[in-house]
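Visitor: Got a structure here, written out as structure tokens. Questions coming.
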Amino acid sequence: MYLEYFGFDRFPFTIAPDPDFLFPSAGHQEALAHLQYALTGLGGLICLTGEVGTGKTTLCRSFLAGLDDSVRTAYIFNPQLSPAELLQSICDDLDIVYGDSDSLRDLYRYLNEFLISEYAEGRKVICVIDEAQAMPPELLEQVRLLTNLETHTEKLMTVILVGQPELQQTLARYDLRQLNQRITARYHLRNLSLGEVREYVSFRLVRAGRPDDSSASSRDRLFTDGALRRLWQASGGVPRMINSLADRALLGAYAREKTRVTTALIKGAEKEILPPKNSADIAPAAGRSNRGIATLFRPGAVLLLLLVLVIAGGVFFTLSDKSLTGAGIRQLAAHYLHTEPENPVTVLSTEAFGQPLEQCAQLSGTDYRCLWVDWPLNQLYVGDYLQLIQVRDFNGNNRWQREKPQAPDKYNGQALIFWQPPQGFDADHLIKPGERSTVVGWVRQKLGGSWDHDWQVIGPAGDGQAADADFYDPLLANKVEQFQRANGLLADRILGPQTLYYLQQAGG
């Protein structure tokens, strides 16, 4: 298909858990370090969790593939087994012989004898149980019994539970507290940030045989900056979704004979890959009684019911200053129900213009632009722009809110700002030293003084030349770097959204 067209040796965005494509993000490296703790013999039980598609299975396979002959391993990928079947599966992977009629007690004895033998030979034994969130509590109790196989100083076998976030909720059950207390290392694999998505895409392109273009000009890269930002936004930073969307966008570029993947191609991939945002639009018609219930629980009906309950409960609103608008009611509902607004663009546009918009593209007739960022929490809330941040509530669900969370660890690493960029700024092109842009003149004014102050421009022939205020020269680059360092930003001298956003707040 598009392999030869783009110069690939193999498909860069396959969703198969290939260890060769394991992206070494900070989170994945830390998760791998937790898995390697199993090699110490001190940890009897290790727990690795993460959302669907974050690369848990790929990480486990990469970890297992890197072990030498001094480690024996068992890998259980279907945990919906009976206690006897679980032990039989472990014995199968470890080449332990047993009979079909052997009891659970016999299987434990065979396993214990094997572990003692391996310990005497100086070998370690690790058992990885994938998709562990599907294990019923009674089977998890059998896992606890496996951790009882030990010497006076070391565990004879380390069990690694790998699963989705629901596994954490299951382990928090009161009847599983003994198992939960035996976990010696835990790690939750988070979604990729915007910067990591850029690195992830570049990493996989190189792994697939394409020359590294990460240091090239943004105009020469296969994926435009806007496409990468849209890819991160649409995928939520989930590697599996990134792979599906990027693969489909590459196919679209090939079909249209395009040499670059643009934001439009990512949006086209979204329509083909992602489910409809409103599943009710495609749901089959139900019976009359079901329709009545569905009508009752429509957002408008819920909001109206909530307002009635709030008023009935003695909460009164002073309307002399400002009427309670539809947006205010929605905010109130989100506050009391702790639910995530359906669309952060709608929330911010309602507040900014009094008109709900569904997509960022609808801002084209205004001075505002959607700025989707993954900045640290301490780098937000520095300006007066409208913004929402995504947080994780007590139920583990994502929701959007304006207020800075009291617990910083609840921040999920994604925010939306309604931003008014400097005139002439192109979101698809970051400005580097040596380039020209009308934004450079604005930056020069913000940082103070003309770039040729006390300097004279001499041409190749030795004659004086007029200064180009739009040229990003080394002197201005030094000032930008100093500004970035002073504000705790990445001092890369690049004029991107974050640096420009901070310059707007600096005054001058």
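Letters A, B, ... go to the chains of the structure tokens in the order shown; residues in each chain start at 1; ligands are counted from 1 in the same order.
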Residues near region 133-147 of chain A, anyone? I mean within 7 Å using only C-alpha atoms, not counting same-chain ones fewer than 3 positions away, as a list of chain:residue names.

Guide: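 Final neighbour list, sorted by chain and number: A:Gly44, A:Pro79, A:Gln80, A:Ser82, A:Pro83, A:Gly163, A:Gln164, A:Glu166, A:Leu167, A:Leu179.
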
Visitor: Write out as an mmCIF file with all heavy atoms, in the first residue's frame each polymer residue whose atoms come within 6 Å of region 438-445 of chain A, counting only C-alpha atoms; drop sequence neighbours fewer than 2 positions from it.

Guide:
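result.cif, freshly written:
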```cif
data_model
loop_
_atom_site.group_PDB
_atom_site.id
_atom_site.type_symbol
_atom_site.label_atom_id
_atom_site.label_comp_id
_atom_site.auth_asym_id
_atom_site.auth_seq_id
_atom_site.Cartn_x
_atom_site.Cartn_y
_atom_site.Cartn_z
ATOM 1 N N GLY A 424 -0.694 36.858 12.749
ATOM 2 C CA GLY A 424 0.255 36.259 11.828
ATOM 3 C C GLY A 424 0.806 34.929 12.285
ATOM 4 O O GLY A 424 1.549 34.275 11.531
ATOM 5 N N LEU A 447 9.829 42.060 24.220
ATOM 6 C CA LEU A 447 11.067 41.893 24.976
ATOM 7 C C LEU A 447 11.873 43.178 25.066
ATOM 8 O O LEU A 447 12.910 43.221 25.742
ATOM 9 C CB LEU A 447 11.920 40.786 24.350
ATOM 10 C CG LEU A 447 11.330 39.382 24.472
ATOM 11 C CD1 LEU A 447 12.218 38.359 23.788
ATOM 12 C CD2 LEU A 447 11.127 39.003 25.932
ATOM 13 N N GLY A 448 11.386 44.227 24.358
ATOM 14 C CA GLY A 448 11.981 45.544 24.522
ATOM 15 C C GLY A 448 13.082 45.879 23.546
ATOM 16 O O GLY A 448 14.074 45.158 23.432
ATOM 17 N N ALA A 469 12.955 43.596 10.486
ATOM 18 C CA ALA A 469 12.370 43.399 11.819
ATOM 19 C C ALA A 469 11.705 42.042 11.976
ATOM 20 O O ALA A 469 11.487 41.585 13.097
ATOM 21 C CB ALA A 469 11.361 44.514 12.100
ATOM 22 N N ASP A 470 11.373 41.383 10.871
ATOM 23 C CA ASP A 470 10.699 40.090 10.938
ATOM 24 C C ASP A 470 11.672 38.917 10.915
ATOM 25 O O ASP A 470 11.247 37.758 10.924
ATOM 26 C CB ASP A 470 9.718 39.938 9.767
ATOM 27 C CG ASP A 470 8.550 40.907 9.874
ATOM 28 O OD1 ASP A 470 8.289 41.375 10.994
ATOM 29 O OD2 ASP A 470 7.915 41.188 8.839
#
```

Visitor: List as a PyMOL selection string the protein and nucleic acid residues near Asn180 (chain A), meaning an atom at most 8 Å away when only C-alpha atoms are counted, but skip any in the same chain fewer than 4 places from it.

Guide: chain A and resi 171-172+176

Visitor: Store the residues picked out above, limited to N, CA and C atoms, as a tab-separated table (two decimals), in the first residue's frame.

Guide:
```tsv
chain	number	residue	atom	x	y	z
A	171	LEU	N	-8.95	-4.63	43.77
A	171	LEU	CA	-8.00	-4.90	44.84
A	171	LEU	C	-8.31	-4.10	46.11
A	172	ALA	N	-9.06	-3.01	45.97
A	172	ALA	CA	-9.41	-2.19	47.12
A	172	ALA	C	-10.56	-2.78	47.93
A	176	LEU	N	-10.38	-8.49	49.92
A	176	LEU	CA	-9.10	-8.75	49.26
A	176	LEU	C	-7.96	-7.95	49.88
```

Visitor: I want to know what sits within 10 Å of Ser217 (chain A), based on only C-alpha atoms, with residues of the same chain fewer than 4 positions away left out; could you give that as a PyMOL selection string?

Guide: chain A and resi 213+221+429-432

Visitor: Gly50 (chain A): which residues within 6 Å, counting only C-alpha atoms, same-chain residues fewer than 4 positions away excluded, as an MDAnalysis selection string?

Guide: chainID A and resid 164:165 188:189

Visitor: One decimal, Å: what's the distance from CA of Leu149 (chain A) over to CA of Ser117 (chain A), could you say?

Guide: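 A separation of 12.6 Å between them.
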
Visitor: If you take only C-alpha atoms and a cut-off of 10 Å, which residues of region 356-391 of chain A touch region 194-198 of chain A, and what are their nearest atom pairs and distances in Å to one decimal, in chain and number order, as a tab-separated table?

Guide:
```
residue	atom	partner	partner_atom	distance
A:Trp372	CA	A:Leu194	CA	8.8
A:Val373	CA	A:Leu194	CA	7.0
A:Asp374	CA	A:Leu194	CA	5.8
A:Trp375	CA	A:Leu194	CA	8.8
```

Visitor: Which of these residues is nearest to Tyr37 (chain A), using only C-alpha atoms: A:Ile96, A:Ala16, A:Ile126, A:Leu22?

Guide: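 Looking only at the distances to Tyr37 (chain A), the closest residue turns out to be A:Ile126.
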
Visitor: What's the separation between CA of Ile76 (chain A) and CA of Ser89 (chain A), in Å to one decimal place?

Guide: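 That distance, rounded to one decimal, is 7.1 Å.
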
Visitor: Skip Leu348 (chain A) itself and residues of its chain fewer than 4 positions away, then list as a list of chain:residue names all residues within 10 Å of it, counting only C-alpha atoms.

Guide: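 That gives A:Ala327, A:Asn343, A:Pro344, A:Ala352, A:Phe353, A:Gly354, A:Gln355, A:Pro356, A:Leu357, A:Cys370, A:Leu386, A:Gln387, A:Leu388, A:Arg402, A:Leu416, A:Ile417, A:Phe418.
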
Visitor: Please produce a file of those selected residues containing N, CA, C and O atoms, as a PDB file, in the first residue's frame.

Guide:
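What landed in part_0.pdb:
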```pdb
ATOM      1  N   ALA A 327     -26.143  28.392  30.480  1.00  0.00           N
ATOM      2  CA  ALA A 327     -24.772  27.955  30.756  1.00  0.00           C
ATOM      3  C   ALA A 327     -24.544  27.811  32.249  1.00  0.00           C
ATOM      4  O   ALA A 327     -23.881  26.881  32.713  1.00  0.00           O
ATOM      5  N   ASN A 343     -18.733  18.652  25.936  1.00  0.00           N
ATOM      6  CA  ASN A 343     -17.801  19.249  24.991  1.00  0.00           C
ATOM      7  C   ASN A 343     -17.206  20.507  25.610  1.00  0.00           C
ATOM      8  O   ASN A 343     -17.915  21.494  25.825  1.00  0.00           O
ATOM      9  N   PRO A 344     -15.902  20.521  25.909  1.00  0.00           N
ATOM     10  CA  PRO A 344     -15.300  21.708  26.514  1.00  0.00           C
ATOM     11  C   PRO A 344     -15.359  22.932  25.610  1.00  0.00           C
ATOM     12  O   PRO A 344     -15.396  24.063  26.094  1.00  0.00           O
ATOM     13  N   ALA A 352     -17.774  32.711  26.390  1.00  0.00           N
ATOM     14  CA  ALA A 352     -17.087  33.787  25.668  1.00  0.00           C
ATOM     15  C   ALA A 352     -18.031  34.593  24.781  1.00  0.00           C
ATOM     16  O   ALA A 352     -17.935  35.826  24.722  1.00  0.00           O
ATOM     17  N   PHE A 353     -18.938  33.901  24.088  1.00  0.00           N
ATOM     18  CA  PHE A 353     -19.773  34.567  23.093  1.00  0.00           C
ATOM     19  C   PHE A 353     -21.270  34.479  23.393  1.00  0.00           C
ATOM     20  O   PHE A 353     -22.071  35.074  22.678  1.00  0.00           O
ATOM     21  N   GLY A 354     -21.634  33.688  24.407  1.00  0.00           N
ATOM     22  CA  GLY A 354     -23.053  33.457  24.657  1.00  0.00           C
ATOM     23  C   GLY A 354     -23.680  32.555  23.622  1.00  0.00           C
ATOM     24  O   GLY A 354     -24.896  32.487  23.497  1.00  0.00           O
ATOM     25  N   GLN A 355     -22.845  31.839  22.874  1.00  0.00           N
ATOM     26  CA  GLN A 355     -23.317  30.966  21.808  1.00  0.00           C
ATOM     27  C   GLN A 355     -22.554  29.649  21.863  1.00  0.00           C
ATOM     28  O   GLN A 355     -21.324  29.636  21.770  1.00  0.00           O
ATOM     29  N   PRO A 356     -23.248  28.536  22.035  1.00  0.00           N
ATOM     30  CA  PRO A 356     -22.554  27.253  22.116  1.00  0.00           C
ATOM     31  C   PRO A 356     -22.052  26.796  20.751  1.00  0.00           C
ATOM     32  O   PRO A 356     -22.808  26.721  19.794  1.00  0.00           O
ATOM     33  N   LEU A 357     -20.757  26.496  20.677  1.00  0.00           N
ATOM     34  CA  LEU A 357     -20.148  25.962  19.461  1.00  0.00           C
ATOM     35  C   LEU A 357     -19.719  24.526  19.721  1.00  0.00           C
ATOM     36  O   LEU A 357     -19.392  24.159  20.854  1.00  0.00           O
ATOM     37  N   CYS A 370      -8.491  27.490  19.481  1.00  0.00           N
ATOM     38  CA  CYS A 370      -8.390  26.443  20.494  1.00  0.00           C
ATOM     39  C   CYS A 370      -6.918  26.101  20.699  1.00  0.00           C
ATOM     40  O   CYS A 370      -6.217  25.777  19.740  1.00  0.00           O
ATOM     41  N   LEU A 386      -9.904  32.256  28.906  1.00  0.00           N
ATOM     42  CA  LEU A 386     -10.819  31.202  29.333  1.00  0.00           C
ATOM     43  C   LEU A 386     -10.151  29.845  29.133  1.00  0.00           C
ATOM     44  O   LEU A 386      -9.553  29.585  28.087  1.00  0.00           O
ATOM     45  N   GLN A 387     -10.251  28.986  30.121  1.00  0.00           N
ATOM     46  CA  GLN A 387      -9.629  27.686  30.003  1.00  0.00           C
ATOM     47  C   GLN A 387     -10.359  26.654  30.848  1.00  0.00           C
ATOM     48  O   GLN A 387     -11.023  26.978  31.828  1.00  0.00           O
ATOM     49  N   LEU A 388     -10.223  25.406  30.437  1.00  0.00           N
ATOM     50  CA  LEU A 388     -10.725  24.253  31.192  1.00  0.00           C
ATOM     51  C   LEU A 388      -9.580  23.263  31.305  1.00  0.00           C
ATOM     52  O   LEU A 388      -8.773  23.111  30.383  1.00  0.00           O
ATOM     53  N   ARG A 402     -12.976  24.384  35.580  1.00  0.00           N
ATOM     54  CA  ARG A 402     -12.221  25.637  35.472  1.00  0.00           C
ATOM     55  C   ARG A 402     -11.241  25.795  36.628  1.00  0.00           C
ATOM     56  O   ARG A 402     -10.138  26.287  36.458  1.00  0.00           O
ATOM     57  N   LEU A 416      -7.657  22.933  27.772  1.00  0.00           N
ATOM     58  CA  LEU A 416      -8.092  23.672  26.595  1.00  0.00           C
ATOM     59  C   LEU A 416      -8.158  25.154  26.951  1.00  0.00           C
ATOM     60  O   LEU A 416      -8.805  25.531  27.938  1.00  0.00           O
ATOM     61  N   ILE A 417      -7.470  25.978  26.165  1.00  0.00           N
ATOM     62  CA  ILE A 417      -7.464  27.429  26.375  1.00  0.00           C
ATOM     63  C   ILE A 417      -8.029  28.092  25.131  1.00  0.00           C
ATOM     64  O   ILE A 417      -7.660  27.742  24.009  1.00  0.00           O
ATOM     65  N   PHE A 418      -8.963  29.020  25.325  1.00  0.00           N
ATOM     66  CA  PHE A 418      -9.412  29.871  24.224  1.00  0.00           C
ATOM     67  C   PHE A 418      -8.407  31.006  24.110  1.00  0.00           C
ATOM     68  O   PHE A 418      -8.420  31.949  24.888  1.00  0.00           O
TER      69      PHE A 418
END
```

Visitor: Can you list, as a compact mmCIF listing (two decimals) with N, CA and C atoms, in the first residue's frame, every residue of region 36-140 of chain A that DSSP puts in strand (DSSP E)?

Guide:
```txt
# COMPACT_ATOMS: atom_id res chain seq x y z
N LEU A 45 4.58 -9.68 44.78
CA LEU A 45 3.44 -9.30 43.96
C LEU A 45 3.63 -7.87 43.47
N ILE A 46 3.51 -7.70 42.16
CA ILE A 46 3.67 -6.39 41.51
C ILE A 46 2.41 -6.12 40.69
N CYS A 47 1.96 -4.88 40.68
CA CYS A 47 0.72 -4.51 39.98
C CYS A 47 1.00 -3.39 38.99
N LEU A 48 0.67 -3.63 37.72
CA LEU A 48 0.81 -2.63 36.67
C LEU A 48 -0.57 -2.41 36.04
N THR A 49 -1.04 -1.15 36.07
CA THR A 49 -2.34 -0.83 35.50
C THR A 49 -2.19 0.28 34.46
N GLY A 50 -3.22 0.42 33.66
CA GLY A 50 -3.24 1.46 32.63
C GLY A 50 -4.51 1.33 31.81
N VAL A 71 16.13 -16.86 34.32
CA VAL A 71 14.77 -16.54 34.75
C VAL A 71 13.79 -17.43 33.99
N ARG A 72 12.93 -18.14 34.71
CA ARG A 72 11.86 -18.93 34.11
C ARG A 72 10.57 -18.12 34.20
N THR A 73 9.78 -18.15 33.16
CA THR A 73 8.58 -17.30 33.13
C THR A 73 7.33 -18.07 32.73
N ALA A 74 6.22 -17.62 33.24
CA ALA A 74 4.90 -18.08 32.83
C ALA A 74 4.07 -16.86 32.48
N TYR A 75 3.36 -16.93 31.36
CA TYR A 75 2.56 -15.78 30.91
C TYR A 75 1.11 -16.24 30.71
N ILE A 76 0.22 -15.71 31.53
CA ILE A 76 -1.20 -16.06 31.49
C ILE A 76 -1.95 -14.90 30.85
N LYS A 124 15.38 -17.57 38.97
CA LYS A 124 14.18 -16.91 39.46
C LYS A 124 12.99 -17.30 38.60
N VAL A 125 11.80 -17.22 39.17
CA VAL A 125 10.57 -17.58 38.47
C VAL A 125 9.60 -16.41 38.55
N ILE A 126 9.09 -15.99 37.38
CA ILE A 126 8.16 -14.87 37.30
C ILE A 126 6.90 -15.32 36.56
N CYS A 127 5.76 -14.98 37.10
CA CYS A 127 4.48 -15.28 36.46
C CYS A 127 3.75 -13.97 36.17
N VAL A 128 3.47 -13.70 34.90
CA VAL A 128 2.75 -12.50 34.48
C VAL A 128 1.32 -12.89 34.15
N ILE A 129 0.36 -12.24 34.78
CA ILE A 129 -1.06 -12.47 34.51
C ILE A 129 -1.63 -11.22 33.87
```

Visitor: Please provide as a ChimeraX atom specification all residues within 7 Å of Phe13 (chain A), with the sequence filter that same-chain residues fewer than 3 positions apart are discarded (counting only C-alpha atoms).

Guide: /A:243-244,246-247

Visitor: Tell me which of A:Ala84, A:Ile389, A:Leu251, A:Ala208 sits closest to Gly7 (chain A), counting only C-alpha atoms.

Guide: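 With only C-alpha atoms as the atom set, the closest residue is A:Ala208.
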
Visitor: Could you write out, as a ChimeraX atom specification, all the residues of region 61-153 of chain A that DSSP marks as alpha helix (DSSP H)?

Guide: /A:61-65,83-93,104-120,137-146

Visitor: Can you work out which one of A:Leu94, A:Leu489, A:Val347, A:Ala249 has the shortest atom-to-atom distance to Tyr2 (chain A), counting only C-alpha atoms?

Guide: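 Using only C-alpha atoms, Tyr2 (chain A) sits closest to A:Ala249.
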
Visitor: Go through A:Arg240, A:Arg190, A:Arg173, A:Arg182 one by one, measure the shortest atom-to-atom distance of each to Ser25 (chain A) using only C-alpha atoms, and give the residue with the smallest value.

Guide: A:Arg190

Visitor: Please determine, counting only C-alpha atoms, which residue among A:Tyr254, A:Arg229, A:Gln359, A:Thr40 has the shortest atom-to-atom distance to Lys155 (chain A).

Guide: A:Thr40

Visitor: One decimal, Å: what's the distance from CA of Leu32 (chain A) over to CA of Leu64 (chain A), could you say?

Guide: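 It comes out at 10.6 Å.
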